[in-house]
Amino acid sequence: MHGLGRFGVRVRRFRWMRMKRFGWVLTSALVIGACAGSEAATDRDPAVRAAQRLEVVRGDFTSRMLLTGELVAEDAEQLVTPNANIWPVQIRWLAEDGIEVREGDKLVEFDNSQLTANLEEMRAQATEAANRLASLEAQAASEEAQTAFELAQRRATVEKARIEASVPEGVLSALKWEQRQLEFEKAELSMAEAESKLESTRRAKRAEVEMQRISLAKTQADVARSEARIDILTLTASRDGILILENNRREGRPIQEGDGIFPGTVVGRLPDLSTLMVQARLFDVDDGRVEPGMSVVATLDAFPELEFTGRVREVDQIADQPSSRSLRRFFRTKIDLDRADPERMRPGMSVKLVIEERHEDALLVPRGCLDWSEDGPRARRADGDWAPVKLGPCDHAVCVLESGLEESAALGRVVEVSI
């Protein structure tokens with residue numbers, strides 16, 4: 001059994017040696033095939049030659065970066081929950097999300113039952129105040145006319161007393177003459193009293209009427225204000241377009257009928273589809289790789305067969321953080337499309353973006369010849385010298401060499417990675 005065991009070991013070792021030799025032969029064949037392939041590819045693509053021969057070569061390089069974003073309309077009318085002195089106000093009726101609307105169409109209707117009930121009471125108060133004002137005005141006119149009539153009578157009495165008192169003292173007896181003088185003075189005092197009474201009556205009644213007019217105006221203003229609040233609780237479309245409803249952030253779902261909304265909350269938008277653009281996220285690890293002016297190819301997730309070209313408009317200078325749960329930060333990137341397709345495009349649609357950056361006649365260094373173990377990338381030339389390098393964009397095979405190796409020393413020279 002022991003001999004068989006040794007024999008078994010020898011057999012397995014022999015088989016392993018055969019497999020090892022076969023693998024060496026196969027690897028050699030593959031290397032030869034790769035070199036042959038490299039010769040064939042050399043004339044076609046300098047980057048392939050650089051990667052296969054570990055040479056720094058000069059050639060054209062195009063970097064592609066994949067981003068995701070969504071369509072956004074820069075010009076959109078906001079449908080804002082009105083302030084009708086109701087906190088919160090309930091949505092009674094809501095148009096369907098994404099529906100095409102015409103100017104004047106009703107989009108959102110809030111509950112106005114509380115205002116309607118109060119309005120009927122206000123209108124009754126306004127009618128009562130108007131009737132009260134009419135009554136006061138009639139009463140004031142009647143009392144003023146009565147007082148004026150009394151004054152006219154006393155003026156006539158004064159005139160009569162004046163005539164009688166104007167008879168000379170020698171014509172009448174002394175007693176009679178003095179009596180007529182007293183009657184004249186008494187008539188004048190009575191007339192003055194009537195004038196004062198007429199003036200005070202006018203002032204009092206006019207003040208009472210004016211106060212009632214103010215009360216009526218206030219009640220009518222309350223009615224008009226309540227009617228206006230009822231009117232603003234119905235939102236209509238100011239132009240043709242499509243309705244895009246907002247999300248209920250507290251509930252984590254789209255806004256729907258029955259929701260209680262606070263004044264000032266945006267419940268929907270009417271976007272101008274001619275102002276559609278793409279807003280993408282450039283995560284901080286790719287900071288600096290996207291710049292304004294770069295060409296972009298956009299594809300809608302809903303219509304992957306269609307491509308739209310465009311250019312990067314701007315990249316925010318300050319990074320944003322999507323949520324407190326994530327440590328990843330991103331820069332908002334705006335992209336202008338060369339053309340829009342209002343028939344298919346809708347705000348909020350997801351978009352895949354391919355951003356291309358072309359470097360013509362650039363120095364290309366293979367990734368296999370670079371070492372990132374230190375603070376920055378470096379390469380060791382065939383002569384043994386180390387060269388810290390500054391790199392541009394990379395793909396899976398090569399990187400653009402911006403600085404660190406002189407062209408005369410780098411071009412066509414084999415570089416090695418440190419181990």
# chains A, B, ... in the order shown; residues from 1 in each chain; ligands from 1
call {"tool": "residues_around", "arguments": {"residues": "stretch 129-135 of chain A", "least_positions_apart": "6", "cutoff": "9 Å", "atoms": "only C-alpha atoms", "output": "list in words"}}
result
Val209, Glu210, Gln212, Arg213, Ser215, Leu216, Ala217 and Thr219 of chain A
call {"tool": "write_last_selection", "arguments": {"atoms": "N, CA and C atoms", "output": "short mmCIF file (atom, residue, chain, number, x, y, z; two decimals), in the first residue's frame"}}
result
data_model
loop_
_atom_site.label_atom_id
_atom_site.label_comp_id
_atom_site.auth_asym_id
_atom_site.auth_seq_id
_atom_site.Cartn_x
_atom_site.Cartn_y
_atom_site.Cartn_z
N VAL A 209 -74.93 108.43 10.62
CA VAL A 209 -75.02 107.88 9.27
C VAL A 209 -73.64 107.49 8.75
N GLU A 210 -72.64 108.32 9.02
CA GLU A 210 -71.28 108.04 8.55
C GLU A 210 -70.72 106.77 9.20
N GLN A 212 -72.46 104.26 10.21
CA GLN A 212 -73.14 103.13 9.60
C GLN A 212 -72.60 102.85 8.20
N ARG A 213 -72.23 103.90 7.48
CA ARG A 213 -71.62 103.71 6.16
C ARG A 213 -70.28 102.98 6.28
N SER A 215 -69.44 100.91 8.66
CA SER A 215 -69.77 99.53 9.01
C SER A 215 -70.21 98.75 7.78
N LEU A 216 -71.02 99.39 6.94
CA LEU A 216 -71.46 98.73 5.71
C LEU A 216 -70.28 98.47 4.77
N ALA A 217 -69.38 99.45 4.64
CA ALA A 217 -68.22 99.28 3.76
C ALA A 217 -67.32 98.15 4.25
N THR A 219 -68.30 95.53 6.03
CA THR A 219 -68.98 94.27 5.77
C THR A 219 -68.90 93.90 4.29
#
call {"tool": "residues_around", "arguments": {"residues": "A:Thr236", "least_positions_apart": "4", "cutoff": "10 Å", "atoms": "only C-alpha atoms", "output": "VMD selection string"}}
result
chain A and resid 79 101 to 109 232
call {"tool": "write_last_selection", "arguments": {"atoms": "C-alpha atoms", "output": "PDB file, in the first residue's frame"}}
result
ATOM      1  CA  LEU A  79     -48.897  76.330  -9.118  1.00  0.00           C
ATOM      2  CA  VAL A 101     -54.026  71.281 -20.647  1.00  0.00           C
ATOM      3  CA  ARG A 102     -55.272  74.376 -22.403  1.00  0.00           C
ATOM      4  CA  GLU A 103     -55.236  77.940 -21.200  1.00  0.00           C
ATOM      5  CA  GLY A 104     -58.026  78.461 -18.681  1.00  0.00           C
ATOM      6  CA  ASP A 105     -58.455  74.775 -17.783  1.00  0.00           C
ATOM      7  CA  LYS A 106     -59.053  74.024 -14.111  1.00  0.00           C
ATOM      8  CA  LEU A 107     -56.036  72.246 -12.578  1.00  0.00           C
ATOM      9  CA  VAL A 108     -56.470  72.280  -8.790  1.00  0.00           C
ATOM     10  CA  GLU A 109     -59.498  72.975  -6.619  1.00  0.00           C
ATOM     11  CA  ILE A 232     -58.163  81.868  -5.681  1.00  0.00           C
TER      12      ILE A 232
END
call {"tool": "closest_atom_pairs", "arguments": {"of": "stretch 209-278 of chain A", "to": "stretch 346-358 of chain A", "cutoff": "10 Å", "atoms": "only C-alpha atoms", "output": "JSON lines"}}
result
{"residue": "A:Ile242", "atom": "CA", "partner": "A:Arg346", "partner_atom": "CA", "distance": 8.8}
{"residue": "A:Ile244", "atom": "CA", "partner": "A:Pro347", "partner_atom": "CA", "distance": 7.8}
{"residue": "A:Arg269", "atom": "CA", "partner": "A:Pro347", "partner_atom": "CA", "distance": 10.0}
{"residue": "A:Pro271", "atom": "CA", "partner": "A:Pro347", "partner_atom": "CA", "distance": 7.6}
{"residue": "A:Asp272", "atom": "CA", "partner": "A:Pro347", "partner_atom": "CA", "distance": 9.6}
{"residue": "A:Leu273", "atom": "CA", "partner": "A:Arg346", "partner_atom": "CA", "distance": 7.6}
{"residue": "A:Leu276", "atom": "CA", "partner": "A:Pro347", "partner_atom": "CA", "distance": 7.4}
{"residue": "A:Met277", "atom": "CA", "partner": "A:Pro347", "partner_atom": "CA", "distance": 8.9}
{"residue": "A:Val278", "atom": "CA", "partner": "A:Val351", "partner_atom": "CA", "distance": 7.6}
call {"tool": "write_last_selection", "arguments": {"atoms": "N, CA and C atoms", "output": "PDB file, in the first residue's frame"}}
result
ATOM      1  N   ILE A 242     -48.406  70.999 -20.249  1.00  0.00           N
ATOM      2  CA  ILE A 242     -48.678  69.772 -19.511  1.00  0.00           C
ATOM      3  C   ILE A 242     -48.539  70.048 -18.024  1.00  0.00           C
ATOM      4  N   ILE A 244     -47.350  68.950 -14.396  1.00  0.00           N
ATOM      5  CA  ILE A 244     -46.420  68.099 -13.662  1.00  0.00           C
ATOM      6  C   ILE A 244     -46.672  68.320 -12.175  1.00  0.00           C
ATOM      7  N   ARG A 269     -46.501  72.194 -11.617  1.00  0.00           N
ATOM      8  CA  ARG A 269     -45.841  73.140 -12.517  1.00  0.00           C
ATOM      9  C   ARG A 269     -46.389  72.978 -13.924  1.00  0.00           C
ATOM     10  N   PRO A 271     -44.514  73.424 -17.178  1.00  0.00           N
ATOM     11  CA  PRO A 271     -43.212  73.717 -17.783  1.00  0.00           C
ATOM     12  C   PRO A 271     -43.337  74.178 -19.229  1.00  0.00           C
ATOM     13  N   ASP A 272     -42.403  75.021 -19.628  1.00  0.00           N
ATOM     14  CA  ASP A 272     -42.271  75.412 -21.025  1.00  0.00           C
ATOM     15  C   ASP A 272     -41.335  74.411 -21.683  1.00  0.00           C
ATOM     16  N   LEU A 273     -41.879  73.524 -22.501  1.00  0.00           N
ATOM     17  CA  LEU A 273     -41.091  72.426 -23.059  1.00  0.00           C
ATOM     18  C   LEU A 273     -40.004  72.899 -24.010  1.00  0.00           C
ATOM     19  N   LEU A 276     -36.334  72.940 -22.209  1.00  0.00           N
ATOM     20  CA  LEU A 276     -35.829  71.732 -21.563  1.00  0.00           C
ATOM     21  C   LEU A 276     -34.311  71.657 -21.642  1.00  0.00           C
ATOM     22  N   MET A 277     -33.693  71.259 -20.577  1.00  0.00           N
ATOM     23  CA  MET A 277     -32.260  71.003 -20.508  1.00  0.00           C
ATOM     24  C   MET A 277     -32.048  69.813 -19.580  1.00  0.00           C
ATOM     25  N   VAL A 278     -30.805  69.376 -19.453  1.00  0.00           N
ATOM     26  CA  VAL A 278     -30.478  68.229 -18.611  1.00  0.00           C
ATOM     27  C   VAL A 278     -29.686  68.712 -17.408  1.00  0.00           C
TER      28      VAL A 278
END
call {"tool": "residues_around", "arguments": {"residues": "stretch 385-392 of chain A", "least_positions_apart": "4", "cutoff": "8 Å", "atoms": "only C-alpha atoms", "output": "compact mmCIF listing (two decimals) with N, CA and C atoms, in the first residue's frame"}}
result
# COMPACT_ATOMS: atom_id res chain seq x y z
N GLY A 376 1.60 60.29 -5.61
CA GLY A 376 1.06 60.53 -6.94
C GLY A 376 1.59 59.50 -7.92
N PRO A 377 1.05 59.46 -9.12
CA PRO A 377 1.53 58.48 -10.10
C PRO A 377 2.97 58.76 -10.50
N ARG A 378 3.70 57.68 -10.76
CA ARG A 378 5.08 57.80 -11.20
C ARG A 378 5.40 56.64 -12.13
N ALA A 379 6.48 56.81 -12.92
CA ALA A 379 6.92 55.77 -13.85
C ALA A 379 8.44 55.68 -13.80
N ARG A 380 8.95 54.48 -14.07
CA ARG A 380 10.42 54.28 -14.11
C ARG A 380 10.80 53.93 -15.53
N ARG A 381 11.65 54.71 -16.08
CA ARG A 381 12.06 54.49 -17.45
C ARG A 381 13.01 53.30 -17.53
N CYS A 399 -3.20 56.26 -20.33
CA CYS A 399 -3.53 57.57 -19.78
C CYS A 399 -2.83 58.64 -20.60
N VAL A 400 -3.44 59.81 -20.63
CA VAL A 400 -2.80 60.95 -21.29
C VAL A 400 -1.70 61.47 -20.37
N LEU A 401 -0.50 61.58 -20.91
CA LEU A 401 0.65 62.05 -20.14
C LEU A 401 0.78 63.55 -20.36
N GLU A 402 0.50 64.33 -19.30
CA GLU A 402 0.56 65.78 -19.42
C GLU A 402 1.94 66.33 -19.13
N SER A 403 2.62 65.77 -18.15
CA SER A 403 3.96 66.25 -17.82
C SER A 403 4.66 65.20 -16.98
N GLY A 404 5.97 65.37 -16.81
CA GLY A 404 6.76 64.45 -16.00
C GLY A 404 7.82 63.71 -16.80
N LEU A 405 7.59 63.51 -18.09
CA LEU A 405 8.57 62.88 -18.98
C LEU A 405 8.70 63.75 -20.22
call {"tool": "select_by_dssp", "arguments": {"residues": "stretch 18-212 of chain A", "states": "helix (DSSP H, G or I)", "output": "VMD selection string"}}
result
chain A and resid 18 to 42 46 to 53 113 to 165 174 to 212
call {"tool": "residues_around", "arguments": {"residues": "stretch 284-295 of chain A", "least_positions_apart": "5", "cutoff": "6 Å", "atoms": "only C-alpha atoms", "output": "list in words"}}
result
Gly310, Arg311, Val312, Arg313, Glu314, Arg329, Phe330, Ile355 and Glu356 of chain A
call {"tool": "decode", "arguments": {"residues": "stretch 112-148 of chain A", "atoms": "N, CA and C atoms", "output": "compact mmCIF listing (two decimals), in the first residue's frame"}}
result
# COMPACT_ATOMS: atom_id res chain seq x y z
N ASN A 112 -63.38 74.85 -0.24
CA ASN A 112 -63.81 76.20 0.13
C ASN A 112 -65.09 76.20 0.95
N SER A 113 -65.46 75.05 1.52
CA SER A 113 -66.73 74.94 2.25
C SER A 113 -66.77 75.89 3.44
N GLN A 114 -65.65 76.03 4.14
CA GLN A 114 -65.63 76.93 5.30
C GLN A 114 -65.85 78.38 4.88
N LEU A 115 -65.20 78.78 3.80
CA LEU A 115 -65.37 80.15 3.31
C LEU A 115 -66.78 80.36 2.77
N THR A 116 -67.33 79.35 2.11
CA THR A 116 -68.68 79.49 1.56
C THR A 116 -69.71 79.68 2.67
N ALA A 117 -69.57 78.91 3.76
CA ALA A 117 -70.50 79.06 4.88
C ALA A 117 -70.38 80.44 5.51
N ASN A 118 -69.17 80.92 5.68
CA ASN A 118 -68.98 82.26 6.25
C ASN A 118 -69.47 83.35 5.31
N LEU A 119 -69.38 83.09 4.00
CA LEU A 119 -69.77 84.09 3.03
C LEU A 119 -71.27 84.38 3.11
N GLU A 120 -72.07 83.35 3.29
CA GLU A 120 -73.52 83.57 3.38
C GLU A 120 -73.87 84.43 4.59
N GLU A 121 -73.19 84.19 5.69
CA GLU A 121 -73.42 85.00 6.89
C GLU A 121 -72.97 86.45 6.66
N MET A 122 -71.84 86.62 5.98
CA MET A 122 -71.35 87.97 5.70
C MET A 122 -72.29 88.72 4.78
N ARG A 123 -72.84 88.04 3.80
CA ARG A 123 -73.77 88.70 2.89
C ARG A 123 -75.04 89.13 3.63
N ALA A 124 -75.52 88.31 4.56
CA ALA A 124 -76.68 88.69 5.36
C ALA A 124 -76.37 89.92 6.21
N GLN A 125 -75.16 89.96 6.79
CA GLN A 125 -74.76 91.11 7.58
C GLN A 125 -74.66 92.36 6.71
N ALA A 126 -74.16 92.18 5.49
CA ALA A 126 -74.06 93.34 4.60
C ALA A 126 -75.43 93.86 4.22
N THR A 127 -76.39 92.97 3.98
CA THR A 127 -77.76 93.41 3.67
C THR A 127 -78.39 94.15 4.84
N GLU A 128 -78.18 93.61 6.04
CA GLU A 128 -78.71 94.27 7.24
C GLU A 128 -78.08 95.64 7.44
N ALA A 129 -76.78 95.74 7.21
CA ALA A 129 -76.10 97.02 7.37
C ALA A 129 -76.58 98.03 6.35
N ALA A 130 -76.85 97.58 5.13
CA ALA A 130 -77.37 98.49 4.10
C ALA A 130 -78.76 99.00 4.47
N ASN A 131 -79.60 98.10 4.98
CA ASN A 131 -80.94 98.52 5.41
C ASN A 131 -80.87 99.50 6.59
N ARG A 132 -79.97 99.24 7.50
CA ARG A 132 -79.81 100.13 8.65
C ARG A 132 -79.34 101.51 8.20
N LEU A 133 -78.45 101.54 7.23
CA LEU A 133 -77.97 102.83 6.72
C LEU A 133 -79.11 103.61 6.06
N ALA A 134 -79.91 102.93 5.27
CA ALA A 134 -81.03 103.61 4.63
C ALA A 134 -82.02 104.17 5.66
N SER A 135 -82.26 103.40 6.72
CA SER A 135 -83.17 103.85 7.77
C SER A 135 -82.61 105.08 8.49
N LEU A 136 -81.32 105.05 8.79
CA LEU A 136 -80.70 106.19 9.49
C LEU A 136 -80.72 107.43 8.62
N GLU A 137 -80.45 107.25 7.33
CA GLU A 137 -80.46 108.40 6.43
C GLU A 137 -81.87 109.01 6.35
N ALA A 138 -82.90 108.17 6.30
CA ALA A 138 -84.28 108.69 6.26
C ALA A 138 -84.64 109.38 7.56
N GLN A 139 -84.22 108.76 8.68
CA GLN A 139 -84.52 109.35 9.99
C GLN A 139 -83.79 110.68 10.15
N ALA A 140 -82.56 110.74 9.73
CA ALA A 140 -81.80 111.99 9.84
C ALA A 140 -82.43 113.09 8.99
N ALA A 141 -82.87 112.72 7.80
CA ALA A 141 -83.49 113.72 6.93
C ALA A 141 -84.80 114.23 7.54
N SER A 142 -85.58 113.33 8.15
CA SER A 142 -86.86 113.73 8.76
C SER A 142 -86.63 114.65 9.94
N GLU A 143 -85.72 114.28 10.83
CA GLU A 143 -85.47 115.11 12.00
C GLU A 143 -84.88 116.46 11.61
N GLU A 144 -84.01 116.43 10.62
CA GLU A 144 -83.42 117.68 10.18
C GLU A 144 -84.49 118.59 9.56
N ALA A 145 -85.42 118.02 8.82
CA ALA A 145 -86.50 118.82 8.23
C ALA A 145 -87.42 119.39 9.30
N GLN A 146 -87.72 118.58 10.33
CA GLN A 146 -88.57 119.06 11.41
C GLN A 146 -87.91 120.21 12.17
N THR A 147 -86.63 120.04 12.45
CA THR A 147 -85.91 121.10 13.16
C THR A 147 -85.81 122.37 12.31
N ALA A 148 -85.61 122.20 11.04
CA ALA A 148 -85.54 123.36 10.14
C ALA A 148 -86.88 124.07 10.07
